[in-house]
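Participant: Have a look at the structure that comes next, please.
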Amino acid sequence: MNIRTFRIGGIHPEENKLTHEVPTKVAPLPKQAIFPLSQHIGAPAVPIVQKGDKVKVGTKIADAGGFVSAAIFSSVSGTVAKIDTAIDATGYRKPCIFIDVEGDEWEESIDRSDKLELVKDHPEVTPAEIVSRIKEAGVVGMGGACFPTFIKLTPPPTAKAECVIINAVECEPYITADYRLMMEHADEILVGLELLMKGAKVTKGYIGIETNKPKAIELFEEKISNLKSQISNQIEVVPLAQRYPQGGEKQLVDAVIRRQVPAPPAIPVNVGAIVQNVGTAFAVYQAVMKHKPLFERYTTVTGKRLQNPGNYLVRMGTPMQMLIDLCGGMPEGDNKLLAGGPMMGKALTSTEVPICKGTNSVTILSGDDARRKEPQPCIRCAKCVGACPMGLEPYLLAKLSAFKNWEKAEQEDIVSCIECGSCQFTCPAHRPLLDNIRQGKQTVMGIIRARSAKK
């Protein structure tokens with residue numbers, strides 16, 4: 001077996017995949033669902049319902065607010081209670097649509113059957129139709145970045161796509177939502193990959209899976225070998241060495257096709273690759289073949305002191321507290337609640353934050369894991385430099401950010417940081433490197449945008 005990986009930096013955090021072999025359960029419906037209008041990169045969605053309106057499961061409740069934006073659909077049936085603000089994963093109050101749940105009535109246009117629909121049986125599904133249906137269904141990147149999927153399939157004229165890479169890596173500790181999705185819906189994911197390839201007009205597809213998921217590698221290789229069509233020769237499973245942050249798209253492109261994506265504004269398609277998360281492939285299958293908008297997702301609920309950690313199929317808008325209760329409630333003592341995993345997840349201030357399009361995990365760190373160690377002076381060991389998968393100098397970027405030296409921070413390529421946290425994880429002095437770099441990156445990107453606007 002030829003095992004590949006990316007070439008710069010990387011670390012090996014403890015896996016803690018506590019829910020790896022826990023089958024997915026369907027989460028119950030909430031009494032009230034909360035839909036933030038910013039569940040994606042880009043402009044917030046614009047509400048098209050108002051208080052008192054009746055909606056069904058799959059009813060569009062907000063339109064895309066610009067080109068880089070995505071529509072939002074109700075995951076429940078009931079009555080719109082209000083359009084107000086609520087705390088989301090950013091910790092700030094943001095505009096949301098609140099829906100009181102009444103029954104579970106779905107839009108009739110959604111195909112709820114289990115019949116597997118194959119691309120070869122639907123010649124009417126042209127590349128343009130695929131992109132259109134993905135856009136109409138509000139599908140975004142399900143790995144956490146939440147970039148509108150249809151945009152990736154329509155690259156700029158200066159770039160030519162040559163392949164689609166499915167990110168089935170799930171290198172973040174604790175999270176197993178993608179793994180359970182792969183084990184339970186491999187057929188649909190393969191059709192989703194075929195749709196993405198057809199939509200992008202490419203004839204090569206890769207599925208990158210780390211070797212800590214041998215059952216998934218075996219399952220997909222078997223499924224592909226059983227495909228009785230030309231597509232079986234066009235799709236390849238790529239076993240990858242276990243290494244964080246291999247799920248970063250630039251790292252994945254390097255690992256799978258040995259091409260390195262230049263610094264921003266370059267993106268993977270500039271070297272011929274379109275990267276999509278495995279959950280996105282599944283959502284694409286449902287959107288194109290089942291006319292099902294994106295309103296539910298696989299989510300891991302986990303933590304070392306949680307009584308019954310598990311994987312759930314969750315309707316978006318469900319408060320996290322409901323999922324925590326399903327797993328036995330919040331453990332006693334000190335806890336830190338994260339939307340996502342321990343490396344890239346956002347610490348939350350409320351358990352009432354709703355599950356959104358990008359919520360792949362609700363992680364509870366307890367005891368010592370919930371507390372930061374006291375930072376000490378930098379000992380100039382350069383471990384952060386060796387760990388950085390982007391080839392940056394994190395100690396320097398953190399220092400420049402702390403001293404607000406934005407010009408020098410931009411020169412040192414702070415905008416290339418992917419915020420993976422490898423530097424902070426590996427620092428023996430427990431310096432808050434990522435915290436400072438993240439603040440500096442946001443400021444520098446704001447300066448760059450302002451400069452561009454003046455031109």
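In the structure tokens, each chain is lettered A, B, ... as it comes, each chain's residues begin at 1, and ligands are numbered from 1 in order of appearance.
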If we count only C-alpha atoms, what is near range 70-72 of chain A at a cut-off of 12 Å, once residues fewer than 6 positions away on the same chain are taken out, given as a VMD selection string?

Facilitator: chain A and resid 34 to 49 57 to 64 96 to 97 133 to 141 146 to 151 293 to 296 316 to 317 356 to 357

Participant: Mind listing the strand (DSSP E) residues of range 61-248 of chain A, per DSSP on the backbone, as an mmCIF file with N, CA and C atoms, in the first residue's frame?

Facilitator:
```
data_model
loop_
_atom_site.group_PDB
_atom_site.id
_atom_site.type_symbol
_atom_site.label_atom_id
_atom_site.label_comp_id
_atom_site.auth_asym_id
_atom_site.auth_seq_id
_atom_site.Cartn_x
_atom_site.Cartn_y
_atom_site.Cartn_z
ATOM 1 N N ILE A 61 -36.304 29.515 3.981
ATOM 2 C CA ILE A 61 -36.672 30.598 4.901
ATOM 3 C C ILE A 61 -35.779 31.829 4.736
ATOM 4 N N ALA A 62 -34.664 31.667 4.008
ATOM 5 C CA ALA A 62 -33.777 32.816 3.759
ATOM 6 C C ALA A 62 -33.039 32.618 2.447
ATOM 7 N N ASP A 63 -32.956 33.683 1.656
ATOM 8 C CA ASP A 63 -32.268 33.657 0.367
ATOM 9 C C ASP A 63 -30.796 34.023 0.544
ATOM 10 N N ILE A 72 -30.942 29.339 3.211
ATOM 11 C CA ILE A 72 -31.171 28.548 4.429
ATOM 12 C C ILE A 72 -32.585 27.987 4.378
ATOM 13 N N PHE A 73 -32.713 26.724 4.780
ATOM 14 C CA PHE A 73 -33.989 26.020 4.727
ATOM 15 C C PHE A 73 -34.393 25.563 6.121
ATOM 16 N N GLY A 78 -43.635 23.997 11.277
ATOM 17 C CA GLY A 78 -44.228 24.764 12.369
ATOM 18 C C GLY A 78 -44.464 26.208 11.989
ATOM 19 N N THR A 79 -44.385 27.088 12.998
ATOM 20 C CA THR A 79 -44.697 28.506 12.808
ATOM 21 C C THR A 79 -43.489 29.368 13.127
ATOM 22 N N VAL A 80 -43.221 30.345 12.278
ATOM 23 C CA VAL A 80 -42.136 31.295 12.563
ATOM 24 C C VAL A 80 -42.526 32.117 13.779
ATOM 25 N N ALA A 81 -41.756 31.985 14.859
ATOM 26 C CA ALA A 81 -42.068 32.681 16.113
ATOM 27 C C ALA A 81 -41.592 34.132 16.072
ATOM 28 N N LYS A 82 -40.382 34.339 15.525
ATOM 29 C CA LYS A 82 -39.834 35.706 15.478
ATOM 30 C C LYS A 82 -38.549 35.701 14.660
ATOM 31 N N ILE A 83 -38.144 36.881 14.257
ATOM 32 C CA ILE A 83 -36.809 37.086 13.683
ATOM 33 C C ILE A 83 -36.101 38.027 14.644
ATOM 34 N N ASP A 84 -35.092 37.495 15.316
ATOM 35 C CA ASP A 84 -34.458 38.215 16.422
ATOM 36 C C ASP A 84 -32.966 37.894 16.404
ATOM 37 N N THR A 85 -32.284 38.172 17.491
ATOM 38 C CA THR A 85 -30.867 37.820 17.579
ATOM 39 C C THR A 85 -30.662 36.746 18.641
ATOM 40 N N ALA A 86 -29.610 35.961 18.466
ATOM 41 C CA ALA A 86 -29.230 34.942 19.451
ATOM 42 C C ALA A 86 -27.725 34.749 19.359
ATOM 43 N N ILE A 87 -27.139 34.212 20.417
ATOM 44 C CA ILE A 87 -25.693 33.959 20.433
ATOM 45 C C ILE A 87 -25.398 32.747 19.556
ATOM 46 N N ARG A 93 -24.143 38.073 19.440
ATOM 47 C CA ARG A 93 -25.550 37.952 19.065
ATOM 48 C C ARG A 93 -25.676 38.254 17.574
ATOM 49 N N LYS A 94 -26.291 37.354 16.838
ATOM 50 C CA LYS A 94 -26.444 37.504 15.392
ATOM 51 C C LYS A 94 -27.914 37.311 15.013
ATOM 52 N N PRO A 95 -28.357 37.883 13.875
ATOM 53 C CA PRO A 95 -29.752 37.708 13.444
ATOM 54 C C PRO A 95 -30.078 36.226 13.200
ATOM 55 N N CYS A 96 -31.238 35.821 13.692
ATOM 56 C CA CYS A 96 -31.672 34.426 13.564
ATOM 57 C C CYS A 96 -33.179 34.373 13.296
ATOM 58 N N ILE A 97 -33.617 33.266 12.705
ATOM 59 C CA ILE A 97 -35.044 32.983 12.551
ATOM 60 C C ILE A 97 -35.403 31.896 13.559
ATOM 61 N N PHE A 98 -36.431 32.149 14.364
ATOM 62 C CA PHE A 98 -36.879 31.199 15.374
ATOM 63 C C PHE A 98 -38.177 30.547 14.883
ATOM 64 N N ILE A 99 -38.233 29.214 14.922
ATOM 65 C CA ILE A 99 -39.432 28.497 14.469
ATOM 66 C C ILE A 99 -39.922 27.555 15.572
ATOM 67 N N ASP A 100 -41.181 27.724 15.970
ATOM 68 C CA ASP A 100 -41.803 26.805 16.933
ATOM 69 C C ASP A 100 -42.192 25.529 16.189
ATOM 70 N N VAL A 101 -41.760 24.381 16.716
ATOM 71 C CA VAL A 101 -41.935 23.113 16.016
ATOM 72 C C VAL A 101 -43.333 22.539 16.259
ATOM 73 N N CYS A 163 -9.188 17.590 -11.327
ATOM 74 C CA CYS A 163 -9.668 16.483 -10.490
ATOM 75 C C CYS A 163 -10.486 17.027 -9.320
ATOM 76 N N VAL A 164 -11.283 16.132 -8.734
ATOM 77 C CA VAL A 164 -11.986 16.426 -7.485
ATOM 78 C C VAL A 164 -11.393 15.533 -6.404
ATOM 79 N N ILE A 165 -11.018 16.122 -5.281
ATOM 80 C CA ILE A 165 -10.479 15.358 -4.147
ATOM 81 C C ILE A 165 -11.501 15.394 -3.017
ATOM 82 N N ILE A 166 -11.939 14.212 -2.582
ATOM 83 C CA ILE A 166 -12.856 14.144 -1.445
ATOM 84 C C ILE A 166 -12.039 14.063 -0.155
ATOM 85 N N ASN A 167 -12.283 15.002 0.734
ATOM 86 C CA ASN A 167 -11.592 15.061 2.016
ATOM 87 C C ASN A 167 -12.318 14.153 3.006
ATOM 88 N N GLY A 205 -11.222 11.466 -9.912
ATOM 89 C CA GLY A 205 -11.649 11.734 -8.538
ATOM 90 C C GLY A 205 -10.812 10.939 -7.554
ATOM 91 N N TYR A 206 -10.473 11.562 -6.430
ATOM 92 C CA TYR A 206 -9.695 10.895 -5.374
ATOM 93 C C TYR A 206 -10.477 10.975 -4.061
ATOM 94 N N ILE A 207 -10.311 9.942 -3.233
ATOM 95 C CA ILE A 207 -10.870 9.970 -1.877
ATOM 96 C C ILE A 207 -9.714 9.752 -0.916
ATOM 97 N N GLY A 208 -9.341 10.801 -0.188
ATOM 98 C CA GLY A 208 -8.215 10.717 0.746
ATOM 99 C C GLY A 208 -8.691 10.280 2.124
ATOM 100 N N ILE A 209 -8.195 9.122 2.593
ATOM 101 C CA ILE A 209 -8.599 8.581 3.897
ATOM 102 C C ILE A 209 -7.349 8.211 4.685
ATOM 103 N N GLU A 210 -7.271 8.624 5.952
ATOM 104 C CA GLU A 210 -6.113 8.281 6.771
ATOM 105 C C GLU A 210 -6.148 6.812 7.181
ATOM 106 N N ILE A 235 -11.982 6.801 -10.328
ATOM 107 C CA ILE A 235 -11.979 7.136 -8.899
ATOM 108 C C ILE A 235 -10.932 6.290 -8.184
ATOM 109 N N GLU A 236 -10.160 6.934 -7.335
ATOM 110 C CA GLU A 236 -9.078 6.237 -6.627
ATOM 111 C C GLU A 236 -9.129 6.571 -5.136
ATOM 112 N N VAL A 237 -9.030 5.539 -4.291
ATOM 113 C CA VAL A 237 -8.901 5.747 -2.849
ATOM 114 C C VAL A 237 -7.416 5.949 -2.542
ATOM 115 N N VAL A 238 -7.095 7.017 -1.818
ATOM 116 C CA VAL A 238 -5.694 7.315 -1.501
ATOM 117 C C VAL A 238 -5.485 7.169 0.010
ATOM 118 N N PRO A 239 -4.830 6.075 0.454
ATOM 119 C CA PRO A 239 -4.532 5.934 1.893
ATOM 120 C C PRO A 239 -3.473 6.963 2.305
ATOM 121 N N LEU A 240 -3.722 7.627 3.412
ATOM 122 C CA LEU A 240 -2.837 8.699 3.872
ATOM 123 C C LEU A 240 -2.295 8.393 5.264
#
```

Participant: Pull the closest atom pair for each residue of range 340-443 of chain A that gets at most 7 Å from range 169-186 of chain A, along with the distance in Å to one decimal, counting only C-alpha atoms, ordering rows by chain and then ascending residue number, as JSON lines.

Facilitator:
```
{"residue": "A:Gly341", "atom": "CA", "partner": "A:Glu172", "partner_atom": "CA", "distance": 6.1}
{"residue": "A:Pro342", "atom": "CA", "partner": "A:Pro173", "partner_atom": "CA", "distance": 6.8}
{"residue": "A:Met343", "atom": "CA", "partner": "A:Glu172", "partner_atom": "CA", "distance": 6.7}
{"residue": "A:Asn360", "atom": "CA", "partner": "A:Ala177", "partner_atom": "CA", "distance": 6.4}
{"residue": "A:Ser361", "atom": "CA", "partner": "A:Ile175", "partner_atom": "CA", "distance": 6.1}
```

Participant: What would the file look like if the residues just selected were written as a PDB file, in the first residue's frame with N, CA and C atoms?

Facilitator:
```
ATOM      1  N   GLY A 341     -13.681  20.395  17.106  1.00  0.00           N
ATOM      2  CA  GLY A 341     -12.740  19.616  17.909  1.00  0.00           C
ATOM      3  C   GLY A 341     -11.801  20.492  18.720  1.00  0.00           C
ATOM      4  N   PRO A 342     -10.871  19.879  19.464  1.00  0.00           N
ATOM      5  CA  PRO A 342      -9.993  20.641  20.364  1.00  0.00           C
ATOM      6  C   PRO A 342      -8.936  21.474  19.656  1.00  0.00           C
ATOM      7  N   MET A 343      -8.631  21.153  18.380  1.00  0.00           N
ATOM      8  CA  MET A 343      -7.593  21.902  17.680  1.00  0.00           C
ATOM      9  C   MET A 343      -8.141  23.163  17.012  1.00  0.00           C
ATOM     10  N   ASN A 360     -19.648  20.043  12.933  1.00  0.00           N
ATOM     11  CA  ASN A 360     -19.374  18.603  12.829  1.00  0.00           C
ATOM     12  C   ASN A 360     -19.220  17.930  14.183  1.00  0.00           C
ATOM     13  N   SER A 361     -19.071  18.726  15.238  1.00  0.00           N
ATOM     14  CA  SER A 361     -18.895  18.129  16.564  1.00  0.00           C
ATOM     15  C   SER A 361     -19.273  19.098  17.675  1.00  0.00           C
TER      16      SER A 361
END
```

Participant: Would you mind reading off the distance between CA of Lys54 in chain A and CA of Glu102 in chain A, one decimal, in Å?

Facilitator: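 About the pair CA of Lys54 in chain A and CA of Glu102 in chain A: they are 9.7 Å apart.
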
Participant: Find the spatial neighbours of range 306-310 of chain A, counting only C-alpha atoms, within a cut-off of 8 Å - ignore same-chain residues fewer than 4 positions away - and output them as an MDAnalysis selection string.

Facilitator: chainID A and resid 18:19 22:25 300:302 326:331 364

Participant: Taking the backbone alone, and naming residues the way the document does, which bits of range 62-229 of chain A are alpha helix (DSSP H) by DSSP, as a ChimeraX atom specification?

Facilitator: /A:127-136,149-152,177-184,186-200,214-226

Participant: Output C-alpha atoms of each residue in that selection to a file, as a PDB file, in the first residue's frame.

Facilitator:
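The resulting out_6.pdb:
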```
ATOM      1  CA  PRO A 127     -23.140  19.842 -15.419  1.00  0.00           C
ATOM      2  CA  ALA A 128     -25.068  23.148 -15.374  1.00  0.00           C
ATOM      3  CA  GLU A 129     -28.070  21.458 -13.739  1.00  0.00           C
ATOM      4  CA  ILE A 130     -25.835  19.920 -11.050  1.00  0.00           C
ATOM      5  CA  VAL A 131     -24.348  23.308 -10.159  1.00  0.00           C
ATOM      6  CA  SER A 132     -27.817  24.897 -10.180  1.00  0.00           C
ATOM      7  CA  ARG A 133     -29.356  22.292  -7.868  1.00  0.00           C
ATOM      8  CA  ILE A 134     -26.417  22.503  -5.461  1.00  0.00           C
ATOM      9  CA  LYS A 135     -26.801  26.288  -5.324  1.00  0.00           C
ATOM     10  CA  GLU A 136     -30.587  26.120  -4.875  1.00  0.00           C
ATOM     11  CA  THR A 149     -20.132  24.586  -2.917  1.00  0.00           C
ATOM     12  CA  PHE A 150     -21.443  25.808  -6.266  1.00  0.00           C
ATOM     13  CA  ILE A 151     -18.704  28.477  -6.455  1.00  0.00           C
ATOM     14  CA  LYS A 152     -15.953  25.839  -6.223  1.00  0.00           C
ATOM     15  CA  ALA A 177     -19.058  12.203  12.233  1.00  0.00           C
ATOM     16  CA  ASP A 178     -17.441  11.847   8.783  1.00  0.00           C
ATOM     17  CA  TYR A 179     -16.243   8.320   9.558  1.00  0.00           C
ATOM     18  CA  ARG A 180     -19.736   7.166  10.555  1.00  0.00           C
ATOM     19  CA  LEU A 181     -21.179   8.841   7.444  1.00  0.00           C
ATOM     20  CA  MET A 182     -18.667   6.941   5.294  1.00  0.00           C
ATOM     21  CA  MET A 183     -19.460   3.603   6.919  1.00  0.00           C
ATOM     22  CA  GLU A 184     -23.223   4.133   6.679  1.00  0.00           C
ATOM     23  CA  ALA A 186     -20.669   4.938   1.086  1.00  0.00           C
ATOM     24  CA  ASP A 187     -22.852   4.399  -2.003  1.00  0.00           C
ATOM     25  CA  GLU A 188     -24.412   7.867  -1.803  1.00  0.00           C
ATOM     26  CA  ILE A 189     -20.992   9.468  -1.238  1.00  0.00           C
ATOM     27  CA  LEU A 190     -19.625   7.818  -4.386  1.00  0.00           C
ATOM     28  CA  VAL A 191     -22.592   9.091  -6.415  1.00  0.00           C
ATOM     29  CA  GLY A 192     -21.992  12.523  -4.852  1.00  0.00           C
ATOM     30  CA  LEU A 193     -18.352  12.385  -5.986  1.00  0.00           C
ATOM     31  CA  GLU A 194     -19.458  11.415  -9.501  1.00  0.00           C
ATOM     32  CA  LEU A 195     -21.862  14.383  -9.534  1.00  0.00           C
ATOM     33  CA  LEU A 196     -19.101  16.732  -8.356  1.00  0.00           C
ATOM     34  CA  MET A 197     -16.788  15.406 -11.087  1.00  0.00           C
ATOM     35  CA  LYS A 198     -19.483  15.847 -13.731  1.00  0.00           C
ATOM     36  CA  GLY A 199     -20.350  19.330 -12.418  1.00  0.00           C
ATOM     37  CA  ALA A 200     -16.680  20.344 -12.503  1.00  0.00           C
ATOM     38  CA  PRO A 214      -8.861   0.829   7.682  1.00  0.00           C
ATOM     39  CA  LYS A 215     -12.514  -0.271   7.493  1.00  0.00           C
ATOM     40  CA  ALA A 216     -13.432   2.848   5.501  1.00  0.00           C
ATOM     41  CA  ILE A 217     -10.493   2.363   3.109  1.00  0.00           C
ATOM     42  CA  GLU A 218     -11.488  -1.274   2.559  1.00  0.00           C
ATOM     43  CA  LEU A 219     -15.188  -0.404   2.143  1.00  0.00           C
ATOM     44  CA  PHE A 220     -14.602   2.284  -0.496  1.00  0.00           C
ATOM     45  CA  GLU A 221     -12.065   0.195  -2.417  1.00  0.00           C
ATOM     46  CA  GLU A 222     -14.591  -2.662  -2.507  1.00  0.00           C
ATOM     47  CA  LYS A 223     -17.456  -0.356  -3.583  1.00  0.00           C
ATOM     48  CA  ILE A 224     -15.359   1.176  -6.371  1.00  0.00           C
ATOM     49  CA  SER A 225     -14.224  -2.239  -7.662  1.00  0.00           C
ATOM     50  CA  ASN A 226     -17.901  -3.311  -7.813  1.00  0.00           C
TER      51      ASN A 226
END
```

Participant: In Å, with one decimal, what is the gap from CA of Lys408 in chain A to CA of Lys250 in chain A?

Facilitator: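 Rounded to one decimal, the two atoms are 24.2 Å apart.
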
Participant: Which of these residues is nearest to Gln234 in chain A, using only C-alpha atoms: A:Pro268, A:Arg4, A:Gln276, A:Glu162?

Facilitator: A:Glu162

Participant: Any chance you could tabulate, as a tab-separated table, the residues of range 247-343 of chain A at most 12 Å from range 379-398 of chain A with each one's nearest atom pair and distance in Å to one decimal, using only C-alpha atoms, in chain and rising number order?

Facilitator:
```
residue	atom	partner	partner_atom	distance
A:Gly247	CA	A:Pro389	CA	11.3
A:Gly248	CA	A:Pro389	CA	9.2
A:Glu249	CA	A:Pro389	CA	11.3
A:Lys250	CA	A:Met390	CA	8.7
A:Gln251	CA	A:Pro389	CA	7.3
A:Leu252	CA	A:Pro389	CA	11.0
A:Asp254	CA	A:Pro389	CA	10.8
A:Ala255	CA	A:Pro389	CA	11.9
A:Gln260	CA	A:Met390	CA	10.1
A:Val261	CA	A:Met390	CA	10.0
A:Pro262	CA	A:Met390	CA	9.9
A:Ala263	CA	A:Met390	CA	8.9
A:Pro264	CA	A:Met390	CA	11.3
```

Participant: Would you mind exporting N, CA and C atoms of the selected residues as a JSON list (two decimals), in the first residue's frame?

Facilitator:
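part09.json written:
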```
[["chain", "number", "residue", "atom", "x", "y", "z"],
["A", 247, "GLY", "N", -6.37, 17.37, 6.92],
["A", 247, "GLY", "CA", -7.67, 17.75, 6.40],
["A", 247, "GLY", "C", -7.70, 19.16, 5.83],
["A", 248, "GLY", "N", -6.66, 19.94, 6.07],
["A", 248, "GLY", "CA", -6.56, 21.26, 5.43],
["A", 248, "GLY", "C", -6.43, 21.06, 3.94],
["A", 249, "GLU", "N", -7.19, 21.83, 3.13],
["A", 249, "GLU", "CA", -7.24, 21.50, 1.70],
["A", 249, "GLU", "C", -5.88, 21.64, 1.01],
["A", 250, "LYS", "N", -5.08, 22.59, 1.43],
["A", 250, "LYS", "CA", -3.76, 22.73, 0.80],
["A", 250, "LYS", "C", -2.86, 21.54, 1.15],
["A", 251, "GLN", "N", -2.97, 21.07, 2.39],
["A", 251, "GLN", "CA", -2.18, 19.90, 2.81],
["A", 251, "GLN", "C", -2.68, 18.64, 2.09],
["A", 252, "LEU", "N", -3.99, 18.53, 1.91],
["A", 252, "LEU", "CA", -4.57, 17.36, 1.25],
["A", 252, "LEU", "C", -4.17, 17.31, -0.23],
["A", 254, "ASP", "N", -1.45, 18.53, -1.52],
["A", 254, "ASP", "CA", -0.04, 18.13, -1.53],
["A", 254, "ASP", "C", 0.10, 16.62, -1.32],
["A", 255, "ALA", "N", -0.68, 16.09, -0.38],
["A", 255, "ALA", "CA", -0.59, 14.66, -0.07],
["A", 255, "ALA", "C", -1.08, 13.79, -1.22],
["A", 260, "GLN", "N", 1.77, 21.78, -4.61],
["A", 260, "GLN", "CA", 1.63, 22.72, -3.49],
["A", 260, "GLN", "C", 0.95, 23.99, -3.98],
["A", 261, "VAL", "N", -0.09, 24.36, -3.24],
["A", 261, "VAL", "CA", -0.88, 25.56, -3.57],
["A", 261, "VAL", "C", -0.11, 26.79, -3.11],
["A", 262, "PRO", "N", 0.13, 27.76, -3.99],
["A", 262, "PRO", "CA", 0.84, 28.98, -3.58],
["A", 262, "PRO", "C", 0.07, 29.76, -2.51],
["A", 263, "ALA", "N", 0.70, 30.84, -2.02],
["A", 263, "ALA", "CA", 0.09, 31.68, -0.99],
["A", 263, "ALA", "C", -1.17, 32.35, -1.51],
["A", 264, "PRO", "N", -2.08, 32.76, -0.60],
["A", 264, "PRO", "CA", -3.28, 33.49, -1.03],
["A", 264, "PRO", "C", -2.89, 34.68, -1.90]]
```

Participant: Smallest atom-to-atom distance to Ile3 in chain A: which of A:Lys404, A:Lys304, A:Arg449, A:Arg243, using only C-alpha atoms?

Facilitator: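 For Ile3 in chain A, the nearest of the candidates is A:Arg243.
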
Participant: Pick the closest to Ser77 in chain A from A:Trp406, A:Phe6, A:Tyr298, A:Trp106: which is it, counting only C-alpha atoms?

Facilitator: A:Trp106

Participant: Could you check which of A:Leu153, A:Ala339, A:Met320, A:Ala347 is closest to Ile274 in chain A, using only C-alpha atoms?

Facilitator: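 With only C-alpha atoms as the atom set, the closest residue is A:Leu153.
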
Participant: If you measure from CA of His122 in chain A to CA of Ser74 in chain A, what distance in Å do you get, rounded to one decimal?

Facilitator: 27.6 Å

Participant: Between A:Ala429, A:Ala281, A:Leu313, A:Ala409, which has the minimum distance to Gln442 in chain A (counting only C-alpha atoms)?

Facilitator: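 Of A:Ala429, A:Ala281, A:Leu313, A:Ala409, the one nearest Gln442 in chain A is A:Ala409, counting only C-alpha atoms.
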
Participant: Which one is closest to Ile418 in chain A: A:Val288, A:Val125, A:Ala145, A:Ala450? Count only C-alpha atoms.

Facilitator: A:Ala145

Participant: Give me the residues within 12 Å of Gln376 in chain A as a list in words, counting only C-alpha atoms and dropping any in the same chain fewer than 3 places off.

Facilitator: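 These residues fall inside the cut-off: Arg372, Lys373, Ile379, Arg380, Cys427, Pro428, Ala429, His430, Arg431, Pro432 and Leu433 of chain A.
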